[in-house]
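Listing of my_file.txt, compact mmCIF, C-alpha atoms and all ligand atoms
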```txt
# COMPACT_ATOMS: atom_id res chain seq x y z
CA MET A 17 4.82 -37.23 -78.94
CA SER A 18 2.96 -34.34 -80.57
CA LEU A 19 4.60 -30.94 -80.87
CA THR A 20 2.25 -29.39 -78.34
CA ASP A 21 2.74 -31.95 -75.55
CA GLN A 22 6.29 -31.12 -74.67
CA ALA A 23 7.46 -29.34 -71.52
CA SER A 24 9.47 -26.12 -71.82
CA LEU A 25 12.50 -24.71 -70.10
CA ARG A 26 12.84 -20.93 -70.08
CA VAL A 27 16.04 -19.13 -69.24
CA VAL A 28 15.94 -15.97 -67.14
CA LEU A 29 18.99 -13.73 -67.28
CA TYR A 30 18.65 -12.05 -63.91
CA GLU A 31 20.34 -8.67 -63.70
CA GLY A 32 17.90 -7.15 -61.29
CA ASP A 33 18.32 -5.56 -57.88
CA GLY A 34 21.22 -6.78 -55.78
CA VAL A 35 23.08 -8.56 -58.57
CA GLN A 36 26.04 -7.26 -60.55
CA PRO A 37 25.04 -6.97 -64.24
CA LEU A 38 27.17 -8.58 -66.98
CA ALA A 39 29.35 -6.55 -69.30
CA ALA A 40 27.57 -5.87 -72.62
CA GLU A 41 29.86 -8.21 -74.66
CA GLU A 42 29.43 -10.99 -72.14
CA ARG A 43 25.67 -10.53 -72.22
CA PHE A 44 25.63 -10.61 -76.02
CA ALA A 45 27.78 -13.76 -76.11
CA THR A 46 25.59 -15.52 -73.54
CA LEU A 47 22.35 -14.56 -75.30
CA SER A 48 23.69 -15.57 -78.72
CA SER A 49 24.86 -19.00 -77.65
CA LEU A 50 21.61 -19.72 -75.79
CA LEU A 51 19.47 -18.58 -78.74
CA GLU A 52 21.49 -20.72 -81.15
CA LYS A 53 20.81 -23.71 -78.89
CA GLY A 54 17.09 -22.96 -79.01
CA PHE A 55 16.48 -21.37 -75.59
CA ALA A 56 14.03 -18.53 -74.99
CA ILE A 57 15.45 -15.94 -72.61
CA THR A 58 13.89 -13.28 -70.44
CA ARG A 59 16.33 -10.57 -69.46
CA VAL A 60 15.29 -9.09 -66.17
CA THR A 61 16.45 -5.71 -64.92
CA GLY A 62 15.66 -3.93 -61.67
CA GLU A 63 12.16 -2.69 -62.30
CA ARG A 64 10.51 -5.85 -63.51
CA LYS A 65 9.48 -9.01 -61.71
CA VAL A 66 11.73 -12.02 -62.19
CA ALA A 67 9.38 -13.61 -64.67
CA PRO A 68 5.66 -14.04 -65.01
CA ASN A 69 4.81 -17.71 -64.82
CA ASP A 70 3.79 -19.42 -68.04
CA GLY A 71 4.23 -22.95 -66.73
CA ALA A 72 7.77 -23.44 -68.04
CA GLU A 73 10.47 -24.53 -65.63
CA LEU A 74 12.98 -21.73 -65.13
CA LEU A 75 16.73 -21.66 -65.28
CA VAL A 76 17.81 -18.42 -63.63
CA LEU A 77 21.26 -17.13 -64.60
CA GLY A 78 23.10 -14.38 -62.75
CA ARG A 79 26.23 -13.33 -60.92
CA PHE A 80 25.06 -14.67 -57.62
CA ASP A 81 28.40 -14.66 -55.83
CA GLN A 82 28.23 -10.88 -55.82
CA GLY A 83 24.62 -10.63 -54.86
CA ALA A 84 21.66 -12.52 -53.56
CA ARG A 85 19.73 -14.98 -55.68
CA PRO A 86 16.29 -13.63 -56.49
CA ALA A 87 13.79 -15.03 -54.04
CA GLY A 88 11.53 -17.77 -55.35
CA ALA A 89 8.62 -15.74 -54.07
CA SER A 90 9.19 -13.14 -56.75
CA VAL A 91 8.08 -15.59 -59.41
CA ASP A 92 4.32 -15.51 -59.97
CA GLY A 93 3.06 -18.98 -59.23
CA GLN A 94 4.72 -22.29 -58.62
CA VAL A 95 7.26 -23.59 -61.07
CA PRO A 96 10.51 -25.43 -60.42
CA ILE A 97 13.41 -22.94 -60.48
CA HIS A 98 17.04 -23.86 -61.11
CA PHE A 99 19.97 -21.48 -60.66
CA HIS A 100 23.28 -21.16 -62.49
CA ASP A 101 25.97 -18.78 -61.33
CA LEU A 102 27.57 -16.85 -64.18
CA SER A 103 30.52 -15.60 -62.11
CA ASN A 104 32.90 -18.25 -63.43
CA SER A 105 31.04 -19.49 -66.49
CA THR A 106 31.81 -18.65 -70.12
CA ALA A 107 28.97 -18.23 -72.63
CA GLY A 108 29.70 -21.70 -74.02
CA GLU A 109 29.70 -23.31 -70.56
CA THR A 110 26.43 -21.62 -69.71
CA ALA A 111 24.81 -23.00 -72.87
CA ILE A 112 26.08 -26.49 -72.00
CA ALA A 113 24.67 -26.18 -68.46
CA ALA A 114 21.29 -25.17 -69.95
CA GLU A 115 21.35 -28.11 -72.38
CA THR A 116 22.19 -30.54 -69.58
CA LEU A 117 19.26 -29.30 -67.53
CA ARG A 118 16.95 -29.44 -70.55
CA ALA A 119 17.84 -33.09 -71.08
CA GLN A 120 17.39 -33.88 -67.36
CA ILE A 121 13.88 -32.46 -67.19
CA HIS A 122 12.91 -33.83 -70.65
CA ALA A 123 12.00 -30.40 -71.96
CA HIS A 124 11.56 -30.09 -75.71
CA ARG A 125 14.59 -29.53 -77.89
CA THR A 126 14.43 -27.18 -80.81
CA GLY A 127 16.34 -27.35 -84.06
CA GLU A 128 15.48 -30.95 -84.91
CA TRP A 129 12.74 -29.75 -87.22
CA LYS A 130 12.82 -26.66 -89.44
CA PRO A 131 9.61 -24.88 -88.49
CA TRP A 132 8.09 -24.80 -91.96
CA PHE A 133 4.30 -24.92 -92.14
CA PRO A 134 1.38 -22.94 -93.56
CA VAL A 135 0.01 -20.03 -91.55
CA ILE A 136 -3.54 -19.01 -92.42
CA ASP A 137 -4.51 -15.36 -92.66
CA TYR A 138 -8.12 -15.56 -91.44
CA ASP A 139 -8.71 -11.98 -92.51
CA ARG A 140 -8.52 -13.31 -96.08
CA CYS A 141 -9.63 -16.95 -95.78
CA THR A 142 -13.13 -17.78 -97.03
CA ASN A 143 -13.08 -21.35 -95.69
CA CYS A 144 -13.35 -22.81 -99.18
CA MET A 145 -11.37 -25.98 -98.25
CA GLN A 146 -9.22 -25.97 -101.40
CA CYS A 147 -6.10 -26.32 -99.27
CA LEU A 148 -7.56 -29.24 -97.34
CA SER A 149 -8.51 -31.10 -100.51
CA PHE A 150 -5.15 -30.35 -102.08
CA CYS A 151 -2.67 -31.30 -99.34
CA LEU A 152 -1.60 -34.93 -99.56
CA PHE A 153 0.20 -34.95 -96.25
CA GLY A 154 -2.68 -34.33 -93.82
CA VAL A 155 -1.47 -30.92 -92.66
CA TYR A 156 -4.94 -29.35 -92.70
CA GLY A 157 -8.09 -30.24 -90.81
CA VAL A 158 -11.16 -28.51 -89.46
CA ASP A 159 -12.14 -27.51 -85.94
CA GLN A 160 -15.50 -28.25 -84.34
CA ALA A 161 -17.08 -25.31 -86.13
CA GLN A 162 -15.83 -26.73 -89.47
CA GLN A 163 -13.29 -23.94 -89.74
CA ILE A 164 -10.12 -24.73 -91.67
CA GLN A 165 -7.08 -25.17 -89.43
CA VAL A 166 -3.47 -26.20 -89.64
CA GLN A 167 -3.40 -29.30 -87.45
CA ASN A 168 -0.24 -31.26 -88.21
CA HIS A 169 2.47 -28.65 -88.62
CA ASP A 170 5.35 -31.10 -88.72
CA SER A 171 3.78 -33.18 -91.51
CA CYS A 172 4.35 -30.28 -93.91
CA LYS A 173 7.13 -30.81 -96.45
CA THR A 174 10.01 -28.47 -95.71
CA ASN A 175 10.38 -25.66 -98.24
CA CYS A 176 7.27 -26.70 -100.20
CA PRO A 177 4.86 -23.75 -100.50
CA ALA A 178 2.58 -25.52 -103.01
CA CYS A 179 -0.69 -25.16 -101.07
CA SER A 180 -0.25 -21.38 -100.89
CA ARG A 181 -0.59 -21.41 -104.69
CA VAL A 182 -3.92 -23.19 -104.68
CA CYS A 183 -5.50 -20.75 -102.22
CA PRO A 184 -7.73 -18.43 -104.28
CA GLU A 185 -7.48 -15.70 -101.63
CA ALA A 186 -3.69 -15.69 -101.14
CA ALA A 187 -4.49 -16.46 -97.50
CA ILE A 188 -1.76 -19.03 -96.93
CA MET A 189 1.62 -17.79 -95.75
CA PHE A 190 4.92 -19.51 -95.14
CA PRO A 191 6.79 -16.94 -93.04
CA LYS A 192 10.17 -18.44 -93.95
CA TYR A 193 9.49 -18.28 -97.71
CA LYS A 194 11.75 -16.05 -99.80
CA SER A 195 9.24 -13.66 -101.35
CA GLY A 196 5.86 -12.01 -100.93
CA PRO A 197 3.01 -12.33 -100.45
CA ILE A 198 3.69 -15.93 -99.33
CA ASN A 199 6.21 -14.71 -96.73
CA GLY A 200 3.58 -12.48 -95.11
CA ASP A 201 4.21 -9.30 -97.09
CA ALA A 202 1.01 -7.39 -97.94
CA VAL A 203 -1.13 -8.88 -100.73
CA SER A 204 -1.52 -6.56 -103.72
CA SER A 205 -4.19 -6.75 -106.40
CA ASP A 206 -1.43 -7.80 -108.81
CA ASP A 207 -0.66 -10.73 -106.52
CA LEU A 208 -4.28 -11.79 -106.63
CA GLN A 209 -4.27 -11.69 -110.42
CA ARG A 210 -1.10 -13.77 -110.43
CA GLU A 211 -2.65 -16.20 -107.97
CA LYS A 212 -5.55 -16.70 -110.37
CA MET A 213 -3.15 -17.68 -113.11
CA LYS A 214 -1.21 -20.11 -111.00
CA ILE A 215 -0.34 -23.48 -112.43
CA ASP A 216 -2.53 -26.41 -111.62
CA ILE A 217 -0.34 -28.14 -109.13
CA SER A 218 -2.98 -30.75 -108.29
CA ALA A 219 -2.66 -32.02 -111.83
CA LEU A 220 1.07 -31.83 -111.52
CA LEU A 221 1.18 -33.83 -108.33
CA GLY A 222 -1.68 -36.16 -108.95
CA GLY A 223 -1.38 -37.04 -112.57
CA ASP A 224 0.80 -35.27 -115.09
CA ILE A 225 3.97 -35.78 -113.18
CA TYR A 226 3.57 -39.53 -113.40
CA GLN A 227 2.71 -39.36 -117.06
CA MET A 228 5.75 -37.22 -117.68
CA LEU A 229 7.98 -39.44 -115.65
CA ARG A 230 6.64 -42.50 -117.43
CA ASP A 231 7.21 -40.93 -120.83
CA ARG A 232 10.66 -39.91 -119.81
CA SER A 233 11.52 -43.26 -118.29
CA GLU A 234 10.14 -45.10 -121.37
CA ARG A 235 12.44 -43.03 -123.52
CA ALA A 236 15.24 -43.49 -121.05
CA LYS A 237 14.51 -47.22 -120.92
CA SER A 238 14.74 -47.66 -124.67
CA ARG A 239 17.96 -45.72 -124.62
CA PHE A 240 19.01 -47.70 -121.59
CA SER A 241 18.50 -50.98 -123.40
CA LYS A 242 20.55 -49.64 -126.27
CA GLU A 243 23.18 -47.88 -124.28
CA ARG A 244 23.08 -49.77 -120.98
CA ASP A 245 23.64 -46.40 -119.39
CA SER A 246 21.77 -46.34 -116.10
CA GLU A 247 23.57 -43.19 -115.03
CA LYS A 248 22.12 -41.36 -117.99
CA ALA A 249 18.62 -42.63 -117.26
CA LEU A 250 18.91 -41.40 -113.70
CA LYS A 251 20.17 -38.02 -114.85
CA GLU A 252 17.23 -37.82 -117.27
CA ARG A 253 14.80 -38.41 -114.41
CA GLN A 254 16.51 -35.86 -112.22
CA LYS A 255 16.47 -33.28 -115.01
CA CYS A 256 12.75 -33.81 -115.45
CA LEU A 257 12.13 -33.42 -111.74
CA VAL A 258 14.24 -30.29 -111.59
CA GLN A 259 12.19 -28.76 -114.41
CA LEU A 260 8.97 -29.59 -112.59
CA ALA A 261 10.36 -28.21 -109.39
CA GLN A 262 11.26 -24.95 -111.11
CA ALA A 263 7.90 -24.66 -112.81
CA GLY A 264 5.92 -25.34 -109.66
CA ASP A 265 8.33 -24.01 -107.05
CA ILE A 266 8.31 -27.40 -105.40
CA PRO A 267 11.56 -28.66 -103.92
CA PRO A 268 12.96 -31.69 -105.79
CA GLU A 269 13.20 -33.64 -102.51
CA VAL A 270 9.42 -33.29 -102.15
CA LEU A 271 8.79 -34.60 -105.65
CA MET A 272 11.25 -37.42 -105.04
CA ALA A 273 9.47 -38.34 -101.80
CA LEU A 274 5.99 -38.47 -103.30
CA PRO A 275 4.05 -41.64 -102.61
CA SER A 276 3.01 -43.94 -105.46
CA ARG A 277 0.36 -42.79 -107.89
CA GLU A 278 -2.22 -45.12 -106.29
CA GLU A 279 -1.42 -43.81 -102.82
CA ILE A 280 -1.71 -40.24 -104.05
CA GLU A 281 -5.10 -40.94 -105.58
CA GLU A 282 -6.26 -42.56 -102.37
CA LYS A 283 -5.00 -39.67 -100.22
CA ALA A 284 -6.50 -37.10 -102.57
CA ARG A 285 -9.87 -38.90 -102.38
CA ALA A 286 -9.75 -38.94 -98.56
CA ALA A 287 -8.76 -35.26 -98.33
CA LYS A 288 -11.50 -34.27 -100.77
CA ALA A 289 -14.10 -36.22 -98.81
CA LYS A 290 -12.98 -34.51 -95.60
CA ALA A 291 -13.26 -31.11 -97.27
CA GLN A 292 -16.67 -31.89 -98.74
CA GLN A 293 -17.94 -33.09 -95.40
CA ALA A 294 -16.69 -29.90 -93.73
CA LEU A 295 -18.33 -27.75 -96.41
CA ALA A 296 -21.63 -29.63 -96.09
CA MET A 297 -21.67 -29.05 -92.34
CA GLN A 298 -21.06 -25.31 -92.59
CA PRO A 299 -24.01 -23.25 -91.41
CA MET B 26 2.40 3.63 -67.60
CA ASN B 27 5.00 0.96 -68.36
CA PRO B 28 6.85 1.31 -71.67
CA PRO B 29 6.01 -1.40 -74.23
CA ARG B 30 7.76 -4.71 -73.64
CA ILE B 31 10.34 -5.81 -76.18
CA LEU B 32 10.44 -9.20 -77.91
CA TYR B 33 13.27 -10.18 -80.23
CA CYS B 34 12.95 -13.17 -82.60
CA HIS B 35 16.27 -14.73 -83.60
CA CYS B 36 14.77 -16.64 -86.56
CA ALA B 37 17.29 -19.36 -85.78
CA TYR B 38 16.24 -22.05 -88.25
CA ALA B 39 16.24 -20.17 -91.55
CA GLN B 40 18.25 -17.46 -93.22
CA VAL B 41 15.29 -15.20 -93.93
CA VAL B 42 16.34 -12.41 -91.57
CA PRO B 43 19.75 -11.09 -92.66
CA LYS B 44 22.36 -12.35 -90.17
CA GLU B 45 24.03 -8.95 -89.86
CA VAL B 46 20.72 -7.27 -89.02
CA LYS B 47 19.68 -9.73 -86.34
CA GLU B 48 23.15 -9.75 -84.79
CA ALA B 49 23.39 -5.96 -84.73
CA VAL B 50 19.92 -5.70 -83.17
CA LEU B 51 20.76 -8.28 -80.49
CA LYS B 52 24.02 -6.45 -79.79
CA LYS B 53 22.23 -3.13 -79.33
CA LEU B 54 19.68 -4.78 -77.06
CA SER B 55 22.52 -6.31 -75.04
CA GLU B 56 24.13 -2.89 -74.66
CA SER B 57 20.88 -1.31 -73.48
CA GLY B 58 19.74 -1.31 -69.90
CA LEU B 59 16.33 -2.58 -70.96
CA ALA B 60 14.46 -5.69 -69.93
CA PHE B 61 13.48 -7.81 -72.94
CA GLU B 62 12.53 -11.24 -74.16
CA ALA B 63 14.53 -13.07 -76.82
CA VAL B 64 13.20 -16.21 -78.47
CA PRO B 65 14.95 -18.53 -80.92
CA ASP B 66 12.11 -18.84 -83.43
CA LEU B 67 8.55 -17.57 -83.15
CA CYS B 68 7.43 -19.92 -85.93
CA GLU B 69 8.55 -22.94 -83.93
CA MET B 70 6.83 -21.60 -80.79
CA SER B 71 3.60 -21.08 -82.73
CA ALA B 72 3.63 -24.66 -84.05
CA ARG B 73 4.12 -25.93 -80.48
CA GLN B 74 1.48 -23.54 -79.15
CA ASP B 75 4.03 -22.50 -76.56
CA PRO B 76 2.21 -20.97 -73.54
CA ALA B 77 4.85 -18.22 -73.51
CA LEU B 78 3.10 -16.69 -76.55
CA ARG B 79 -0.05 -16.18 -74.54
CA ARG B 80 1.93 -14.64 -71.69
CA LEU B 81 3.53 -12.24 -74.18
CA ALA B 82 0.28 -11.43 -75.99
CA GLU B 83 -1.69 -10.79 -72.83
CA ALA B 84 0.66 -8.44 -71.00
CA GLY B 85 -0.19 -5.18 -72.76
CA ALA B 86 1.75 -3.12 -75.28
CA ILE B 87 4.59 -4.93 -77.01
CA LYS B 88 7.18 -4.26 -79.71
CA ILE B 89 8.28 -7.32 -81.66
CA ALA B 90 11.41 -7.42 -83.83
CA ALA B 91 10.73 -10.27 -86.25
CA CYS B 92 9.43 -10.26 -89.83
CA TYR B 93 6.22 -9.20 -91.64
CA PRO B 94 3.39 -7.94 -89.39
CA ARG B 95 0.80 -10.12 -91.20
CA ALA B 96 2.88 -13.27 -90.56
CA VAL B 97 3.52 -12.43 -86.91
CA LYS B 98 -0.16 -11.59 -86.32
CA TRP B 99 -1.30 -15.01 -87.55
CA LEU B 100 1.55 -16.94 -85.95
CA PHE B 101 0.36 -15.69 -82.55
CA ALA B 102 -3.31 -16.21 -83.44
CA GLY B 103 -2.53 -19.72 -84.71
CA ALA B 104 -1.22 -20.53 -81.23
CA LYS B 105 -4.51 -19.28 -79.69
CA SER B 106 -2.70 -16.19 -78.39
CA ALA B 107 -3.92 -13.26 -80.48
CA LEU B 108 -1.86 -10.10 -80.09
CA PRO B 109 -3.66 -6.89 -79.04
CA ILE B 110 -4.53 -5.08 -82.26
CA ASP B 111 -4.10 -1.68 -80.60
CA GLY B 112 -0.95 -2.55 -78.64
CA ALA B 113 1.40 -4.55 -80.85
CA GLU B 114 4.06 -3.03 -83.08
CA ILE B 115 5.90 -5.41 -85.40
CA ILE B 116 9.32 -4.28 -86.59
CA ASN B 117 10.39 -6.08 -89.72
CA MET B 118 14.02 -7.22 -89.64
CA ARG B 119 13.67 -8.64 -93.17
CA THR B 120 13.21 -5.21 -94.71
CA LEU B 121 14.63 -2.63 -92.27
CA SER B 122 18.21 -1.76 -91.41
CA ALA B 123 19.52 -2.63 -87.95
CA GLU B 124 19.55 1.09 -87.10
CA ALA B 125 15.91 1.50 -88.07
CA VAL B 126 14.93 -1.62 -86.10
CA THR B 127 16.68 -0.50 -82.92
CA ALA B 128 15.38 3.07 -83.23
CA ALA B 129 11.84 1.67 -83.36
CA LEU B 130 12.48 -0.76 -80.49
CA PHE B 131 13.93 1.92 -78.22
CA ASP B 132 11.23 4.48 -78.98
CA PRO B 133 9.16 4.51 -75.76
CA GLN B 134 6.01 5.22 -77.78
CA ALA B 135 4.23 2.20 -79.26
CA HIS B 136 3.12 2.50 -82.89
CA PRO B 137 0.68 -0.37 -83.34
CA ASN B 138 0.75 -1.69 -86.90
CA LEU B 139 -0.92 -5.10 -87.04
CA PRO B 140 -3.09 -5.47 -90.15
CA ALA B 141 -6.63 -4.52 -89.17
CA ASP B 142 -9.09 -7.31 -88.48
CA LYS B 143 -11.78 -8.01 -91.04
CA THR B 144 -14.97 -5.99 -90.81
CA ALA B 145 -17.52 -7.15 -88.25
CA SER B 146 -19.70 -8.81 -90.89
CA SER B 147 -17.09 -11.37 -91.82
CA GLU B 148 -15.18 -11.52 -88.54
CA SER B 149 -17.09 -14.64 -87.55
CA LEU B 150 -14.74 -16.60 -89.77
CA VAL B 151 -11.82 -16.06 -87.38
CA PRO B 152 -11.78 -19.09 -85.08
CA LYS B 153 -12.99 -17.85 -81.71
CA GLU B 154 -10.11 -19.26 -79.73
CA THR B 155 -7.60 -17.25 -81.77
CA ARG B 156 -9.15 -13.90 -80.90
CA ALA B 157 -7.73 -11.73 -78.14
S1 LIG C 1 -7.67 -22.43 -99.73
FE1 LIG C 1 -7.31 -20.43 -98.77
S2 LIG C 1 -9.35 -19.49 -98.58
FE2 LIG C 1 -9.66 -21.68 -98.98
S3 LIG C 1 -9.85 -22.59 -96.90
FE3 LIG C 1 -7.68 -22.78 -97.50
S4 LIG C 1 -6.73 -20.92 -96.62
FE4 LIG C 1 -8.94 -20.56 -96.65
S1 LIG C 2 8.37 -15.08 -86.97
FE1 LIG C 2 9.51 -14.40 -88.80
S2 LIG C 2 11.51 -13.79 -87.97
FE2 LIG C 2 10.55 -15.10 -86.42
S3 LIG C 2 11.16 -17.22 -86.82
FE3 LIG C 2 9.26 -16.92 -87.96
S4 LIG C 2 9.95 -16.25 -90.02
FE4 LIG C 2 11.70 -15.97 -88.65
```

When written as structure tokens, how does the structure in this file appear?
Ligand code: SF4
Ligand code: SF4
Amino acid sequence: MSLTDQASLRVVLYEGDGVQPLAAEERFATLSSLLEKGFAITRVTGERKVAPNDGAELLVLGRFDQGARPAGASVDGQVPIHFHDLSNSTAGETAIAAETLRAQIHAHRTGEWKPWFPVIDYDRCTNCMQCLSFCLFGVYGVDQAQQIQVQNHDSCKTNCPACSRVCPEAAIMFPKYKSGPINGDAVSSDDLQREKMKIDISALLGGDIYQMLRDRSERAKSRFSKERDSEKALKERQKCLVQLAQAGDIPPEVLMALPSREEIEEKARAAKAKAQQALAMQP
Amino acid sequence: MNPPRILYCHCAYAQVVPKEVKEAVLKKLSESGLAFEAVPDLCEMSARQDPALRRLAEAGAIKIAACYPRAVKWLFAGAKSALPIDGAEIINMRTLSAEAVTAALFDPQAHPNLPADKTASSESLVPKETRA
């Protein structure tokens, strides 16, 4: 199932008219445990409607034994509404009740995937397609107007910001990255200069890395035959990968998980062809 | 006129927002009498193109406690739910103290701060469906 096909469950913490509000600590504990379990929450107080409809099923929480449940009619539109009384429910029990309902209605679960993917700043992007030709994992594509787009967010390799380094405009962000401008901080002219001097990661991924690994493993092999020390050979390979990872800011797990050289070449050819086709079709 | 709505991002799946800041902000929100929205992770919602983002982007002035304004702008736009350029204030929990974040959230005046869109001549590059 694609990321965008899944149904949602939204939690409404109802503390509006006619219902006794929670104590502040209780509210904080309830919100924290729901957020940690991946639920979005709307806290409703007297003046606002229960919740504008966005198509998500609703789980409405409140102290209903001391007040009336909010009427279904106060929700804009028609969505299934479930209620949970907080009068005798701890924060942990409330989170479990929400999880049980989420499983029953087959709503999406969060937390199974770290949301790590490129975000394009279209104020900077010039639609040059470098990112599309570079990415070996099919994250990028183009829309009908041949505009670059992130299409397969969950194909991106967690913690790998490599494509942001090939973008000549510093237009690719990873909001969960440690430093700017990749994390979304403003782009300075110094950053642009640095971007121009970035290392050629395509060469690193597509060619040099294999040459380096081969050289290393040849050396390791000759030593291996002499020393019969497979542990050492493995360490040698890991050391080499760690150095590459540090130089290119690419997580070792990503380098370890790279496809074979032939597969990389094939993927790179396909991505380049896709980019060239998109460029040729631009008005 | 209604005060700006409040949206809090818990950044649940990474340690990029300091834990003590996000906890203190959530605590202050919990102690307030205000209505607000709290979401586990705006990045995840953007990748899923969660319809809630459109609901939030289309309902007028909004203050969002999350991370860098440029990132939040394009996370919403990437989910075809562009934020109003003149009505969205992003409060950066990565760089501000909890006190500064809550002071900005509780200020009834909105101080819109999304990075300005490109000039009209090059605006055509922004995919149409991501514009407000
Ligand atoms: S490399 Fe950068 S400027 Fe070029 S299409 Fe990709 S995001 Fe846009
Ligand atoms: S928008 Fe920023 S604060 Fe929110 S989940 Fe993404 S990186 Fe974290």

Pick from A:Ser171, A:Ser180, A:Ser24, A:Gln94 nearest to chain B, counting all atoms listed in the file: A:Ser24

Got a sec: who's within 8 Å of stretch 58-71 of chain B, counting all atoms listed in the file, leaving out chain neighbours fewer than 6 positions off, as a PyMOL selection string? (chain A and resi 51-52+54-61+64+126+130-132+191) or (chain B and resi 30-38+78+100-101+103-104)

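What separates atom CA of A:Asp81 from atom CA of A:Ala114 is a distance of 19.0 Å.
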
Using only C-alpha atoms and all ligand atoms, which residue out of A:Pro177, A:Gly200, A:Pro134, A:Pro267 lies closest to ligand LIG 1 (chain C)? A:Pro134

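Of the residues listed (A:Arg140, A:His98, A:Lys288, A:Lys192), A:Lys192 shows the shortest atom-to-atom separation from B:Ala39; distances use all atoms listed in the file.
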
Please identify every polymer residue within 7 Å of ligand LIG 1 (chain C), using all atoms listed in the file, and present the set as a PyMOL selection string. chain A and resi 136+140-148+164+182-188

Residue subset to file, keeping C-alpha atoms, as a PDB file, in the frame of the given file:
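Now in again22.pdb:
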```
ATOM      1  CA  ILE A 136      -3.540 -19.010 -92.420  1.00  0.00           C
ATOM      2  CA  ARG A 140      -8.520 -13.310 -96.080  1.00  0.00           C
ATOM      3  CA  CYS A 141      -9.630 -16.950 -95.780  1.00  0.00           C
ATOM      4  CA  THR A 142     -13.130 -17.780 -97.030  1.00  0.00           C
ATOM      5  CA  ASN A 143     -13.080 -21.350 -95.690  1.00  0.00           C
ATOM      6  CA  CYS A 144     -13.350 -22.810 -99.180  1.00  0.00           C
ATOM      7  CA  MET A 145     -11.370 -25.980 -98.250  1.00  0.00           C
ATOM      8  CA  GLN A 146      -9.220 -25.970-101.400  1.00  0.00           C
ATOM      9  CA  CYS A 147      -6.100 -26.320 -99.270  1.00  0.00           C
ATOM     10  CA  LEU A 148      -7.560 -29.240 -97.340  1.00  0.00           C
ATOM     11  CA  ILE A 164     -10.120 -24.730 -91.670  1.00  0.00           C
ATOM     12  CA  VAL A 182      -3.920 -23.190-104.680  1.00  0.00           C
ATOM     13  CA  CYS A 183      -5.500 -20.750-102.220  1.00  0.00           C
ATOM     14  CA  PRO A 184      -7.730 -18.430-104.280  1.00  0.00           C
ATOM     15  CA  GLU A 185      -7.480 -15.700-101.630  1.00  0.00           C
ATOM     16  CA  ALA A 186      -3.690 -15.690-101.140  1.00  0.00           C
ATOM     17  CA  ALA A 187      -4.490 -16.460 -97.500  1.00  0.00           C
ATOM     18  CA  ILE A 188      -1.760 -19.030 -96.930  1.00  0.00           C
TER      19      ILE A 188
END
```

Would you mind listing what lies within 12 Å of stretch 82-87 of chain B as a ChimeraX atom specification, with only C-alpha atoms counted and same-chain residues fewer than 4 positions away left out? /A:67-70 /B:26-33,61-62,75-78,97-98,100-102,104-116,129-139,155-157

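Closest approach to chain B among A:Leu102, A:Cys172, A:Ile112, A:Ala161: A:Ala161, based on all atoms listed in the file.
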
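Atom pair atom CA of B:Arg80 / atom CA of A:Ala72 has a distance of 11.2 Å (rounded to one decimal).
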